[in-house]
Amino acid sequence: MTQASARHILVDSEAKCNELKAAIENGADFAQVAREHSSCPSSRDGGNLGTFGPGQMVPEFDRVVFSAPVNVVQGPVRTQFGYHLVEVTSRQ
């Protein structure tokens with residue numbers, strides 16, 4: 001089964017998500033942005049979600065994680081939890 005590792009930043013608005021994505025694309029460190037802005041408990045670890053397989057995350061998240069290029073920030077991805085920036089760090 002395919003496994004992926006990813007990290008994410010969770011915020012409550014699409015506008016904030018776009019603002020943080022622009023900051024990262026302009027050189028801000030993803031992990032530092034996650035620690036400062038993400039409302040997910042994973043923010044303590046720079047947004048790291050570890051390794052997981054298909055179906056372990058909500059469908060909107062899964063679609064991105066198992067199709068997006070590795071090491072490219074994706075988003076905003078809207079789920080029931082809010083708006084995410086997602087970076088797949090590995091997939092095998």
# chains A, B, ... in the order shown; residues from 1 in each chain; ligands from 1

call {"tool": "select_by_dssp", "arguments": {"residues": "chain A", "states": "alpha helix (DSSP H)", "output": "PyMOL selection string"}}
result
chain A and resi 14-25+30-37+59-65

call {"tool": "atom_distance", "arguments": {"atom1": "CA of Val11 in chain A", "atom2": "CA of Ile24 in chain A"}}
result
14.7 Å

call {"tool": "closest_residue", "arguments": {"among": "A:Gly47, A:Glu87, A:Gln80, A:Asp12", "to": "Val64 in chain A", "atoms": "only C-alpha atoms"}}
result
A:Glu87

call {"tool": "residues_around", "arguments": {"residues": "Ser13 in chain A", "least_positions_apart": "4", "cutoff": "12 Å", "atoms": "only C-alpha atoms", "output": "MDAnalysis selection string"}}
result
chainID A and resid 9 17:20 37:39 75:85

call {"tool": "select_by_dssp", "arguments": {"residues": "range 46-85 of chain A", "states": "strand (DSSP E or B)", "output": "list in words"}}
result
Asn48, Leu49, Gly50, Thr51, Phe52, Val73, Gln74, Gly75, Pro76, Val77, Arg78, Thr79, Gly82, Tyr83, His84 and Leu85 of chain A

call {"tool": "atom_distance", "arguments": {"atom1": "CA of Ser42 in chain A", "atom2": "CA of Gln74 in chain A"}}
result
17.4 Å

call {"tool": "closest_residue", "arguments": {"among": "A:Val70, A:Ala15, A:Leu49, A:Ala31", "to": "Val88 in chain A", "atoms": "only C-alpha atoms"}}
result
A:Val70

call {"tool": "residues_around", "arguments": {"residues": "Asn71 in chain A", "least_positions_apart": "2", "cutoff": "12 Å", "atoms": "only C-alpha atoms", "output": "number ranges by chain"}}
result
A: 4-8, 25, 30, 65, 68-69, 73-74, 85-91

call {"tool": "residues_around", "arguments": {"residues": "Gln56 in chain A", "least_positions_apart": "3", "cutoff": "12 Å", "atoms": "only C-alpha atoms", "output": "PyMOL selection string"}}
result
chain A and resi 2-5+49-53+59-63+65-66

call {"tool": "write_last_selection", "arguments": {"atoms": "N, CA and C atoms", "output": "PDB file, in the first residue's frame"}}
result
ATOM      1  N   THR A   2       0.425   2.245  -0.714  1.00  0.00           N
ATOM      2  CA  THR A   2       1.126   3.530  -0.754  1.00  0.00           C
ATOM      3  C   THR A   2       1.117   4.168   0.621  1.00  0.00           C
ATOM      4  N   GLN A   3       2.253   4.729   0.995  1.00  0.00           N
ATOM      5  CA  GLN A   3       2.384   5.469   2.241  1.00  0.00           C
ATOM      6  C   GLN A   3       2.931   6.849   1.902  1.00  0.00           C
ATOM      7  N   ALA A   4       2.489   7.839   2.661  1.00  0.00           N
ATOM      8  CA  ALA A   4       2.987   9.196   2.447  1.00  0.00           C
ATOM      9  C   ALA A   4       3.322   9.820   3.795  1.00  0.00           C
ATOM     10  N   SER A   5       4.255  10.749   3.764  1.00  0.00           N
ATOM     11  CA  SER A   5       4.542  11.595   4.915  1.00  0.00           C
ATOM     12  C   SER A   5       4.241  13.018   4.480  1.00  0.00           C
ATOM     13  N   LEU A  49       2.918  15.492  10.219  1.00  0.00           N
ATOM     14  CA  LEU A  49       1.844  14.529  10.473  1.00  0.00           C
ATOM     15  C   LEU A  49       2.338  13.088  10.477  1.00  0.00           C
ATOM     16  N   GLY A  50       3.621  12.883  10.219  1.00  0.00           N
ATOM     17  CA  GLY A  50       4.141  11.519  10.180  1.00  0.00           C
ATOM     18  C   GLY A  50       3.767  10.811   8.887  1.00  0.00           C
ATOM     19  N   THR A  51       3.781   9.478   8.942  1.00  0.00           N
ATOM     20  CA  THR A  51       3.515   8.640   7.768  1.00  0.00           C
ATOM     21  C   THR A  51       2.150   7.996   7.921  1.00  0.00           C
ATOM     22  N   PHE A  52       1.398   7.948   6.827  1.00  0.00           N
ATOM     23  CA  PHE A  52       0.052   7.384   6.859  1.00  0.00           C
ATOM     24  C   PHE A  52      -0.320   6.859   5.487  1.00  0.00           C
ATOM     25  N   GLY A  53      -1.371   6.064   5.437  1.00  0.00           N
ATOM     26  CA  GLY A  53      -1.849   5.490   4.182  1.00  0.00           C
ATOM     27  C   GLY A  53      -3.161   6.107   3.756  1.00  0.00           C
ATOM     28  N   PRO A  59     -11.086  12.842   3.156  1.00  0.00           N
ATOM     29  CA  PRO A  59     -10.926  12.667   1.706  1.00  0.00           C
ATOM     30  C   PRO A  59     -10.249  13.833   0.982  1.00  0.00           C
ATOM     31  N   GLU A  60     -10.589  15.073   1.339  1.00  0.00           N
ATOM     32  CA  GLU A  60      -9.994  16.227   0.662  1.00  0.00           C
ATOM     33  C   GLU A  60      -8.476  16.263   0.866  1.00  0.00           C
ATOM     34  N   PHE A  61      -8.067  15.884   2.042  1.00  0.00           N
ATOM     35  CA  PHE A  61      -6.644  15.858   2.392  1.00  0.00           C
ATOM     36  C   PHE A  61      -5.956  14.713   1.646  1.00  0.00           C
ATOM     37  N   ASP A  62      -6.573  13.540   1.673  1.00  0.00           N
ATOM     38  CA  ASP A  62      -6.041  12.363   0.977  1.00  0.00           C
ATOM     39  C   ASP A  62      -5.795  12.643  -0.501  1.00  0.00           C
ATOM     40  N   ARG A  63      -6.763  13.288  -1.152  1.00  0.00           N
ATOM     41  CA  ARG A  63      -6.638  13.551  -2.592  1.00  0.00           C
ATOM     42  C   ARG A  63      -5.354  14.321  -2.894  1.00  0.00           C
ATOM     43  N   VAL A  65      -2.594  14.647  -0.813  1.00  0.00           N
ATOM     44  CA  VAL A  65      -1.398  13.940  -0.351  1.00  0.00           C
ATOM     45  C   VAL A  65      -0.992  12.819  -1.303  1.00  0.00           C
ATOM     46  N   PHE A  66      -1.957  12.148  -1.902  1.00  0.00           N
ATOM     47  CA  PHE A  66      -1.622  11.006  -2.750  1.00  0.00           C
ATOM     48  C   PHE A  66      -1.598  11.335  -4.247  1.00  0.00           C
TER      49      PHE A  66
END

call {"tool": "atom_distance", "arguments": {"atom1": "CA of Asp29 in chain A", "atom2": "CA of Arg44 in chain A"}}
result
14.1 Å
